[in-house]
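> One structure coming up, written as structure tokens, with questions to follow.
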Amino acid sequence: METYYYSQFNHAVVHVALFDDVTNAAAIRSRIVQAARNLGVDGNTEREAVNFAFIDARLISSSLHLQTAIYQALLSEAQGQLRTKTVHSEILWTMNPTNNITEAIRRYGVSDESTTLVVVRVDVSDTPDLQRRMCDIVQGCMVPFQALGQMTDWSIIKKHYKLYSESALKEVQGNLDRERSIIDNIVVSSVAMKNVMT
Amino acid sequence: MLSSLSSKPPTQQLLQSADLVSQGAEAAIYKAYLRQFPTSGHGVDDAAFEASEPVLLKHRFHKHYRHPSLDASLTRQRIAGEARALMRCMRSGVTVPGIRMVDVNEGVLGIEWIDGKSVRQLLPGGAELDEINELEEVDEIHENGAADPIGDYGVSGGRTVHMLIGLYSSSVDALMNMIGVEIAKMHLADIIHGDLTTSNMMLRKQTSDLVLIDFGLAYHSTLVEDKAVDLYVLERAFASTHPDSEPLFSEVLNAYEKRMGKRWLPIKKRLDDVRLRGRKRSMVG
């Protein structure tokens with residue numbers, strides 16, 4: 001698990017963890033949906049229990065990509081300009097190139113087939129036991145962030161960002177490392193400038 | 001103790017903690033870190049100490065001489081325009097800094113920090129005008145025992161020692177070549193930089209890429225005229241900052257010509273026209 005500190009956002013603390021070999025993705029997804037529907041008192045506790053952003057790790061090109069999405073989501077929250085209901089769903093929305101919230105959650109959120117997940121929690125202060133609480137929800141193996149590189153599915157990213165015919169990539173055809181660093185640069189920049197894209 | 005600080009908008013707090021790099025009439029440039037290292041005292045895992053990359057913040061500050069609502073909309077437009085120009089360049093394979101954060105409300109654009117020197121500092125005549133960095137540069141030369149600022153950036157490959165003045169070595173040629181190629185790539189994507197100078201190009205230290213910077217005046221255009229004027233502006237910049245730089249600029253044009261192919265000829269003709277009349281078209285009528 002990694003922890004990021006942001007003094008400019010009222011000393012927000014953001015915890016991120018990467019899970020591999022996740023076996024209960026479908027259960028996590030239905031649990032989030034259930035928690036959102038349940039309006040009673042136990043709904044509150046259940047919502048708090050799943051109050052994380054669950055992101056499909058295949059769609060994240062680098063830690064910088066994740067950090068940039070978190071930053072822009074924190075910024076929108078601080079300015080009262082969230083486009084979605086929570087800062088966690090805003091992270092998913094920021095990552096998707098279009099403005100469609102449902103599409104963002106379907107693409108970047110946990111799906112029934114996910115086996116790798118990034119879990120993000122935005123907090124106002126350091127909450128104890130977060131690691132345990134993440135592990136309570138996700139059945140899988142928490143791995144260091146260096147493993148993210150092997151999980152990225154570059155072809156889906158290229159599809160979502162419509163990068164197949166870009167001249168930047170044609171130029172470096174065959175050089176996989178160069179191609180990936182160019183894609184990462186475009187994806188990170190797109191996330192950062194999402195609110196001025198159109 | 002932090003309550004007074006905390007009430008400020010986050011980007012203003014970020015600017016407060018940042019180091020001012022340069023100050024212009026339109027904007028101020030800062031070096032900043034988007035997140036902090038954990039405060040010492042409690043148990044911290046190693047990952048948190050992983051060095052976070054600095055970013056460059058371009059703050060288009062409030063212009064008091066403009067009406068506030070006009071000011072806000074102009075700032076917003078320009079931030080958005082610069083970000084979009086950078087994105088178009090990136091997608092077309094032009095080497096430009098990546099975007100790291102955008103806050104249109106405060107007028108701040110955060111881009112990748114490029115570790116390196118501007119072409120102006122690397123060429124003869126440019127460095128001496130740079131008061132702040134000069135001392136640092138002299139130190140570096142003493143430390144390395146070599147006086148070839150470009151060679152240190154890995155462009156030449158060889159360790160040939162040159163005097164700062166009057167060097168027309170392969171390393172300078174290689175640098176001019178890279179400039180021509182990057183501008184051609186940009187023009188092939190129909191992006192006009194609008195302010196091509198040797199200060200707005202940087203040589204990155206680690207990879208020795210040539211990076212075009214400052215797209216604040218960039219725009220989209222397919223016109224031959226705009227591309228010719230873009231080149232003319234650079235030619236003037238070369239002539240005014242670097243003494244005896246005609247061979248340098250013709251090297252830039254050579255590389256540009258090669259890259260542009262058959263699209264070079266109309267631009268060449270127009271560049272000759274522009275040289276006769278200057279940057280501005282006839283404004284009569």
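Following the order of the structure tokens, first chain is A, next is B, and so on, with residues numbered from 1 inside each chain and ligands from 1 in the order they appear.
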Hey, what's within 12 Å of Gly43 in chain A if we count only C-alpha atoms and toss same-chain stuff fewer than 6 positions away? As a PyMOL selection string, please?

chain A and resi 31-37+49-51

> Next, the residues of the selection above should be written as an mmCIF file, in the first residue's frame with N, CA, C and O atoms.


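So part_30.cif came out as:
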```cif
data_model
loop_
_atom_site.group_PDB
_atom_site.id
_atom_site.type_symbol
_atom_site.label_atom_id
_atom_site.label_comp_id
_atom_site.auth_asym_id
_atom_site.auth_seq_id
_atom_site.Cartn_x
_atom_site.Cartn_y
_atom_site.Cartn_z
ATOM 1 N N ARG A 31 -21.696 -5.837 -4.307
ATOM 2 C CA ARG A 31 -21.735 -5.244 -2.969
ATOM 3 C C ARG A 31 -21.814 -3.713 -3.062
ATOM 4 O O ARG A 31 -22.555 -3.078 -2.313
ATOM 5 N N ILE A 32 -21.062 -3.139 -3.994
ATOM 6 C CA ILE A 32 -21.100 -1.681 -4.169
ATOM 7 C C ILE A 32 -22.493 -1.251 -4.631
ATOM 8 O O ILE A 32 -23.070 -0.287 -4.121
ATOM 9 N N VAL A 33 -23.046 -2.005 -5.591
ATOM 10 C CA VAL A 33 -24.377 -1.669 -6.112
ATOM 11 C C VAL A 33 -25.411 -1.770 -5.000
ATOM 12 O O VAL A 33 -26.249 -0.877 -4.828
ATOM 13 N N GLN A 34 -25.336 -2.833 -4.202
ATOM 14 C CA GLN A 34 -26.278 -3.024 -3.094
ATOM 15 C C GLN A 34 -26.180 -1.880 -2.084
ATOM 16 O O GLN A 34 -27.182 -1.340 -1.640
ATOM 17 N N ALA A 35 -24.926 -1.531 -1.749
ATOM 18 C CA ALA A 35 -24.711 -0.479 -0.750
ATOM 19 C C ALA A 35 -25.314 0.841 -1.220
ATOM 20 O O ALA A 35 -25.875 1.605 -0.429
ATOM 21 N N ALA A 36 -25.223 1.088 -2.519
ATOM 22 C CA ALA A 36 -25.758 2.342 -3.041
ATOM 23 C C ALA A 36 -27.279 2.354 -2.994
ATOM 24 O O ALA A 36 -27.893 3.411 -2.854
ATOM 25 N N ARG A 37 -27.891 1.165 -3.087
ATOM 26 C CA ARG A 37 -29.358 1.104 -3.109
ATOM 27 C C ARG A 37 -29.946 1.137 -1.712
ATOM 28 O O ARG A 37 -31.061 1.591 -1.517
ATOM 29 N N ALA A 49 -18.141 0.797 4.324
ATOM 30 C CA ALA A 49 -17.268 -0.370 4.164
ATOM 31 C C ALA A 49 -16.706 -0.458 2.739
ATOM 32 O O ALA A 49 -15.592 -0.938 2.546
ATOM 33 N N VAL A 50 -17.485 -0.019 1.762
ATOM 34 C CA VAL A 50 -16.987 -0.077 0.377
ATOM 35 C C VAL A 50 -16.660 1.316 -0.154
ATOM 36 O O VAL A 50 -16.682 1.557 -1.352
ATOM 37 N N ASN A 51 -16.369 2.245 0.769
ATOM 38 C CA ASN A 51 -16.075 3.619 0.366
ATOM 39 C C ASN A 51 -14.644 3.732 -0.165
ATOM 40 O O ASN A 51 -13.767 4.322 0.453
#
```

> Any idea what's packed within 10 Å of Gly24 in chain B, counting only C-alpha atoms, ignoring anything in its chain fewer than 4 positions away? Could you give it as an mmCIF file with N, CA and C atoms, in the first residue's frame?


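Contents of result_2.cif, freshly written:
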```cif
data_model
loop_
_atom_site.group_PDB
_atom_site.id
_atom_site.type_symbol
_atom_site.label_atom_id
_atom_site.label_comp_id
_atom_site.auth_asym_id
_atom_site.auth_seq_id
_atom_site.Cartn_x
_atom_site.Cartn_y
_atom_site.Cartn_z
ATOM 1 N N ALA B 28 3.611 33.719 -14.385
ATOM 2 C CA ALA B 28 4.788 33.417 -13.572
ATOM 3 C C ALA B 28 4.999 31.910 -13.605
ATOM 4 N N ILE B 29 6.278 31.522 -13.603
ATOM 5 C CA ILE B 29 6.620 30.103 -13.686
ATOM 6 C C ILE B 29 7.171 29.641 -12.338
ATOM 7 N N ARG B 60 -1.084 31.985 -14.826
ATOM 8 C CA ARG B 60 -1.563 33.198 -15.483
ATOM 9 C C ARG B 60 -2.321 33.980 -14.424
#
```

> Can you work out which one of A:Ala26, A:Val124, A:Leu64, A:Val196 has the shortest atom-to-atom distance to chain B, counting only C-alpha atoms?

A:Val196

> I need the chain A residues near chain B as a PyMOL selection string; criterion: at most 7 Å, counting only C-alpha atoms.

chain A and resi 2-6+8-10+68+72+166-168+185-186+189+192-193+196-197

> Can you write out the residues you just picked, keeping N, CA, C and O atoms, as a JSON list (two decimals), in the first residue's frame?


```
[["chain", "number", "residue", "atom", "x", "y", "z"],
["A", 2, "GLU", "N", 0.48, 2.22, -0.80],
["A", 2, "GLU", "CA", 1.20, 3.48, -0.81],
["A", 2, "GLU", "C", 0.31, 4.58, -0.26],
["A", 2, "GLU", "O", -0.91, 4.50, -0.34],
["A", 3, "THR", "N", 0.98, 5.60, 0.30],
["A", 3, "THR", "CA", 0.22, 6.70, 0.90],
["A", 3, "THR", "C", 0.71, 8.01, 0.33],
["A", 3, "THR", "O", 1.92, 8.24, 0.26],
["A", 4, "TYR", "N", -0.20, 8.82, -0.13],
["A", 4, "TYR", "CA", 0.16, 10.14, -0.66],
["A", 4, "TYR", "C", -0.39, 11.22, 0.26],
["A", 4, "TYR", "O", -1.51, 11.12, 0.75],
["A", 5, "TYR", "N", 0.38, 12.27, 0.46],
["A", 5, "TYR", "CA", -0.03, 13.36, 1.33],
["A", 5, "TYR", "C", -0.18, 14.64, 0.53],
["A", 5, "TYR", "O", 0.67, 14.95, -0.29],
["A", 6, "TYR", "N", -1.26, 15.35, 0.79],
["A", 6, "TYR", "CA", -1.51, 16.60, 0.07],
["A", 6, "TYR", "C", -1.86, 17.69, 1.09],
["A", 6, "TYR", "O", -3.00, 17.77, 1.53],
["A", 8, "GLN", "N", -2.10, 20.83, 0.51],
["A", 8, "GLN", "CA", -2.95, 21.87, -0.07],
["A", 8, "GLN", "C", -4.43, 21.50, -0.06],
["A", 8, "GLN", "O", -5.28, 22.37, -0.19],
["A", 9, "PHE", "N", -4.74, 20.21, 0.08],
["A", 9, "PHE", "CA", -6.14, 19.80, 0.16],
["A", 9, "PHE", "C", -6.51, 19.49, 1.60],
["A", 9, "PHE", "O", -6.91, 18.37, 1.92],
["A", 10, "ASN", "N", -6.38, 20.47, 2.48],
["A", 10, "ASN", "CA", -6.69, 20.25, 3.89],
["A", 10, "ASN", "C", -5.99, 19.03, 4.46],
["A", 10, "ASN", "O", -6.56, 18.28, 5.23],
["A", 68, "THR", "N", -2.28, 11.34, -11.23],
["A", 68, "THR", "CA", -2.85, 12.50, -11.91],
["A", 68, "THR", "C", -4.37, 12.50, -11.80],
["A", 68, "THR", "O", -4.99, 13.54, -11.55],
["A", 72, "GLN", "N", -6.60, 15.46, -9.96],
["A", 72, "GLN", "CA", -7.68, 16.24, -10.58],
["A", 72, "GLN", "C", -9.01, 16.02, -9.86],
["A", 72, "GLN", "O", -9.83, 16.93, -9.75],
["A", 166, "GLU", "N", -2.43, 7.46, -34.71],
["A", 166, "GLU", "CA", -1.65, 8.66, -34.40],
["A", 166, "GLU", "C", -0.24, 8.58, -34.98],
["A", 166, "GLU", "O", 0.43, 7.55, -34.87],
["A", 167, "SER", "N", 0.22, 9.68, -35.56],
["A", 167, "SER", "CA", 1.54, 9.66, -36.19],
["A", 167, "SER", "C", 2.65, 9.49, -35.16],
["A", 167, "SER", "O", 3.72, 8.97, -35.46],
["A", 168, "ALA", "N", 2.38, 9.91, -33.91],
["A", 168, "ALA", "CA", 3.40, 9.74, -32.87],
["A", 168, "ALA", "C", 3.75, 8.27, -32.70],
["A", 168, "ALA", "O", 4.90, 7.92, -32.44],
["A", 185, "ASN", "N", 2.34, 9.03, -21.79],
["A", 185, "ASN", "CA", 2.39, 10.49, -21.76],
["A", 185, "ASN", "C", 1.06, 11.10, -22.25],
["A", 185, "ASN", "O", 0.54, 12.04, -21.65],
["A", 186, "ILE", "N", 0.50, 10.55, -23.33],
["A", 186, "ILE", "CA", -0.76, 11.06, -23.87],
["A", 186, "ILE", "C", -1.90, 10.81, -22.87],
["A", 186, "ILE", "O", -2.72, 11.69, -22.61],
["A", 189, "SER", "N", -1.55, 13.10, -19.78],
["A", 189, "SER", "CA", -1.89, 14.47, -20.14],
["A", 189, "SER", "C", -3.39, 14.63, -20.37],
["A", 189, "SER", "O", -3.97, 15.65, -20.01],
["A", 192, "ALA", "N", -5.06, 14.89, -17.05],
["A", 192, "ALA", "CA", -4.81, 16.17, -16.41],
["A", 192, "ALA", "C", -5.63, 17.30, -17.03],
["A", 192, "ALA", "O", -6.08, 18.21, -16.34],
["A", 193, "MET", "N", -5.84, 17.26, -18.36],
["A", 193, "MET", "CA", -6.52, 18.37, -19.03],
["A", 193, "MET", "C", -7.98, 18.05, -19.32],
["A", 193, "MET", "O", -8.63, 18.76, -20.09],
["A", 196, "VAL", "N", -10.65, 20.75, -19.58],
["A", 196, "VAL", "CA", -10.58, 21.77, -20.64],
["A", 196, "VAL", "C", -10.49, 21.12, -22.01],
["A", 196, "VAL", "O", -10.11, 21.76, -22.99],
["A", 197, "MET", "N", -10.82, 19.84, -22.07],
["A", 197, "MET", "CA", -10.64, 19.07, -23.31],
["A", 197, "MET", "C", -11.48, 19.63, -24.45],
["A", 197, "MET", "O", -10.98, 19.78, -25.56]]
```

> Please determine, counting only C-alpha atoms, which residue among A:Val122, A:Leu117, A:Ile182, A:Val172 has the shortest atom-to-atom distance to Cys135 in chain A.

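Using only C-alpha atoms, the shortest distance to Cys135 in chain A belongs to A:Leu117.
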
> Please report the interatomic distance between CA of His67 in chain B and CA of Gly216 in chain B in Å with one decimal.

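Straight-line distance from CA of His67 in chain B to CA of Gly216 in chain B works out to 21.2 Å.
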
> Among the residues of range 45-189 of chain A, find those DSSP assigns to strand (DSSP E or B) from the backbone and print them as a PyMOL selection string.

chain A and resi 53-56+109+117-123+141-143

> Store the residues picked out above, limited to all heavy atoms, as a short mmCIF file (atom, residue, chain, number, x, y, z; two decimals), in the first residue's frame.


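Now in result_10.cif:
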```
data_model
loop_
_atom_site.label_atom_id
_atom_site.label_comp_id
_atom_site.auth_asym_id
_atom_site.auth_seq_id
_atom_site.Cartn_x
_atom_site.Cartn_y
_atom_site.Cartn_z
N ALA A 53 -12.35 3.66 -4.20
CA ALA A 53 -12.45 3.57 -5.66
C ALA A 53 -11.81 2.25 -6.06
O ALA A 53 -10.66 1.98 -5.68
CB ALA A 53 -11.73 4.73 -6.32
N PHE A 54 -12.56 1.43 -6.77
CA PHE A 54 -12.01 0.17 -7.27
C PHE A 54 -11.77 0.34 -8.77
O PHE A 54 -12.71 0.58 -9.53
CB PHE A 54 -12.99 -0.98 -7.04
CG PHE A 54 -13.25 -1.25 -5.58
CD1 PHE A 54 -14.32 -0.63 -4.94
CD2 PHE A 54 -12.44 -2.12 -4.86
CE1 PHE A 54 -14.56 -0.88 -3.59
CE2 PHE A 54 -12.68 -2.36 -3.52
CZ PHE A 54 -13.75 -1.74 -2.88
N ILE A 55 -10.53 0.25 -9.17
CA ILE A 55 -10.19 0.52 -10.57
C ILE A 55 -9.55 -0.72 -11.19
O ILE A 55 -8.70 -1.36 -10.57
CB ILE A 55 -9.21 1.72 -10.68
CG1 ILE A 55 -9.72 2.90 -9.85
CG2 ILE A 55 -9.02 2.12 -12.13
CD1 ILE A 55 -8.67 3.97 -9.63
N ASP A 56 -9.97 -1.02 -12.41
CA ASP A 56 -9.39 -2.13 -13.14
C ASP A 56 -7.93 -1.79 -13.49
O ASP A 56 -7.67 -0.86 -14.25
CB ASP A 56 -10.20 -2.36 -14.42
CG ASP A 56 -9.86 -3.70 -15.06
OD1 ASP A 56 -8.68 -4.11 -14.96
OD2 ASP A 56 -10.76 -4.31 -15.66
N GLY A 109 -14.14 0.90 -13.69
CA GLY A 109 -14.47 0.33 -12.39
C GLY A 109 -14.28 -1.18 -12.38
O GLY A 109 -13.90 -1.77 -13.39
N LEU A 117 -6.81 -5.28 -9.44
CA LEU A 117 -7.54 -4.10 -9.01
C LEU A 117 -6.63 -3.11 -8.33
O LEU A 117 -5.71 -3.49 -7.60
CB LEU A 117 -8.64 -4.47 -8.00
CG LEU A 117 -9.97 -5.04 -8.50
CD1 LEU A 117 -10.88 -5.26 -7.31
CD2 LEU A 117 -10.62 -4.08 -9.49
N VAL A 118 -6.88 -1.83 -8.58
CA VAL A 118 -6.27 -0.78 -7.79
C VAL A 118 -7.35 -0.23 -6.87
O VAL A 118 -8.45 0.08 -7.34
CB VAL A 118 -5.71 0.35 -8.68
CG1 VAL A 118 -5.32 1.55 -7.84
CG2 VAL A 118 -4.51 -0.14 -9.47
N VAL A 119 -7.06 -0.16 -5.58
CA VAL A 119 -8.04 0.33 -4.62
C VAL A 119 -7.54 1.66 -4.07
O VAL A 119 -6.39 1.75 -3.64
CB VAL A 119 -8.26 -0.69 -3.48
CG1 VAL A 119 -9.34 -0.20 -2.54
CG2 VAL A 119 -8.64 -2.04 -4.05
N VAL A 120 -8.38 2.68 -4.14
CA VAL A 120 -7.98 4.01 -3.70
C VAL A 120 -8.93 4.49 -2.61
O VAL A 120 -10.14 4.30 -2.70
CB VAL A 120 -8.03 5.03 -4.87
CG1 VAL A 120 -7.53 6.40 -4.41
CG2 VAL A 120 -7.22 4.53 -6.05
N ARG A 121 -8.37 5.11 -1.58
CA ARG A 121 -9.20 5.68 -0.53
C ARG A 121 -8.71 7.10 -0.25
O ARG A 121 -7.54 7.31 0.08
CB ARG A 121 -9.08 4.82 0.73
CG ARG A 121 -9.59 5.46 1.98
CD ARG A 121 -11.10 5.39 2.10
NE ARG A 121 -11.53 5.95 3.37
CZ ARG A 121 -12.63 5.57 4.00
NH1 ARG A 121 -13.41 4.63 3.49
NH2 ARG A 121 -12.97 6.13 5.14
N VAL A 122 -9.61 8.06 -0.40
CA VAL A 122 -9.29 9.46 -0.09
C VAL A 122 -9.82 9.76 1.29
O VAL A 122 -10.99 9.51 1.58
CB VAL A 122 -9.93 10.41 -1.12
CG1 VAL A 122 -9.64 11.85 -0.77
CG2 VAL A 122 -9.42 10.09 -2.52
N ASP A 123 -8.96 10.29 2.18
CA ASP A 123 -9.33 10.56 3.56
C ASP A 123 -8.90 11.95 3.97
O ASP A 123 -7.96 12.50 3.41
CB ASP A 123 -8.64 9.55 4.49
CG ASP A 123 -9.57 8.42 4.85
OD1 ASP A 123 -10.71 8.73 5.22
OD2 ASP A 123 -9.15 7.25 4.74
N CYS A 141 -4.23 -10.74 -3.65
CA CYS A 141 -2.92 -10.63 -3.05
C CYS A 141 -2.42 -9.21 -3.26
O CYS A 141 -2.34 -8.72 -4.39
CB CYS A 141 -2.07 -11.69 -3.76
SG CYS A 141 -0.38 -11.56 -3.53
N MET A 142 -2.16 -8.50 -2.16
CA MET A 142 -1.69 -7.13 -2.28
C MET A 142 -0.23 -7.16 -2.74
O MET A 142 0.60 -7.81 -2.11
CB MET A 142 -1.81 -6.39 -0.94
CG MET A 142 -1.74 -4.89 -1.08
SD MET A 142 -1.75 -4.01 0.48
CE MET A 142 -3.48 -3.81 0.79
N VAL A 143 0.06 -6.46 -3.85
CA VAL A 143 1.42 -6.51 -4.40
C VAL A 143 1.96 -5.08 -4.52
O VAL A 143 1.19 -4.12 -4.56
CB VAL A 143 1.43 -7.19 -5.80
CG1 VAL A 143 1.11 -8.67 -5.67
CG2 VAL A 143 0.47 -6.51 -6.76
#
```

> From the list A:Ala25, A:Ala73, A:Val188, A:Leu39, which residue is nearest Ile60 in chain A when using only C-alpha atoms?

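Comparing A:Ala25, A:Ala73, A:Val188, A:Leu39 against Ile60 in chain A, the winner is A:Val188.
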
> Among chain A, which ones does DSSP assign to helix (DSSP H, G or I) (computed from the backbone)? Answer as a PyMOL selection string.

chain A and resi 25-37+41-49+57-59+63-78+87-95+101-108+130-137+145-151+154-160+167-171+176-192+194-196

> Taking into account only C-alpha atoms, which residue in the set A:Glu77, A:Ser114, A:Ile156, A:Glu179 is nearest to Asn24 in chain A?

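Ranking A:Glu77, A:Ser114, A:Ile156, A:Glu179 by distance to Asn24 in chain A, first place goes to A:Ser114.
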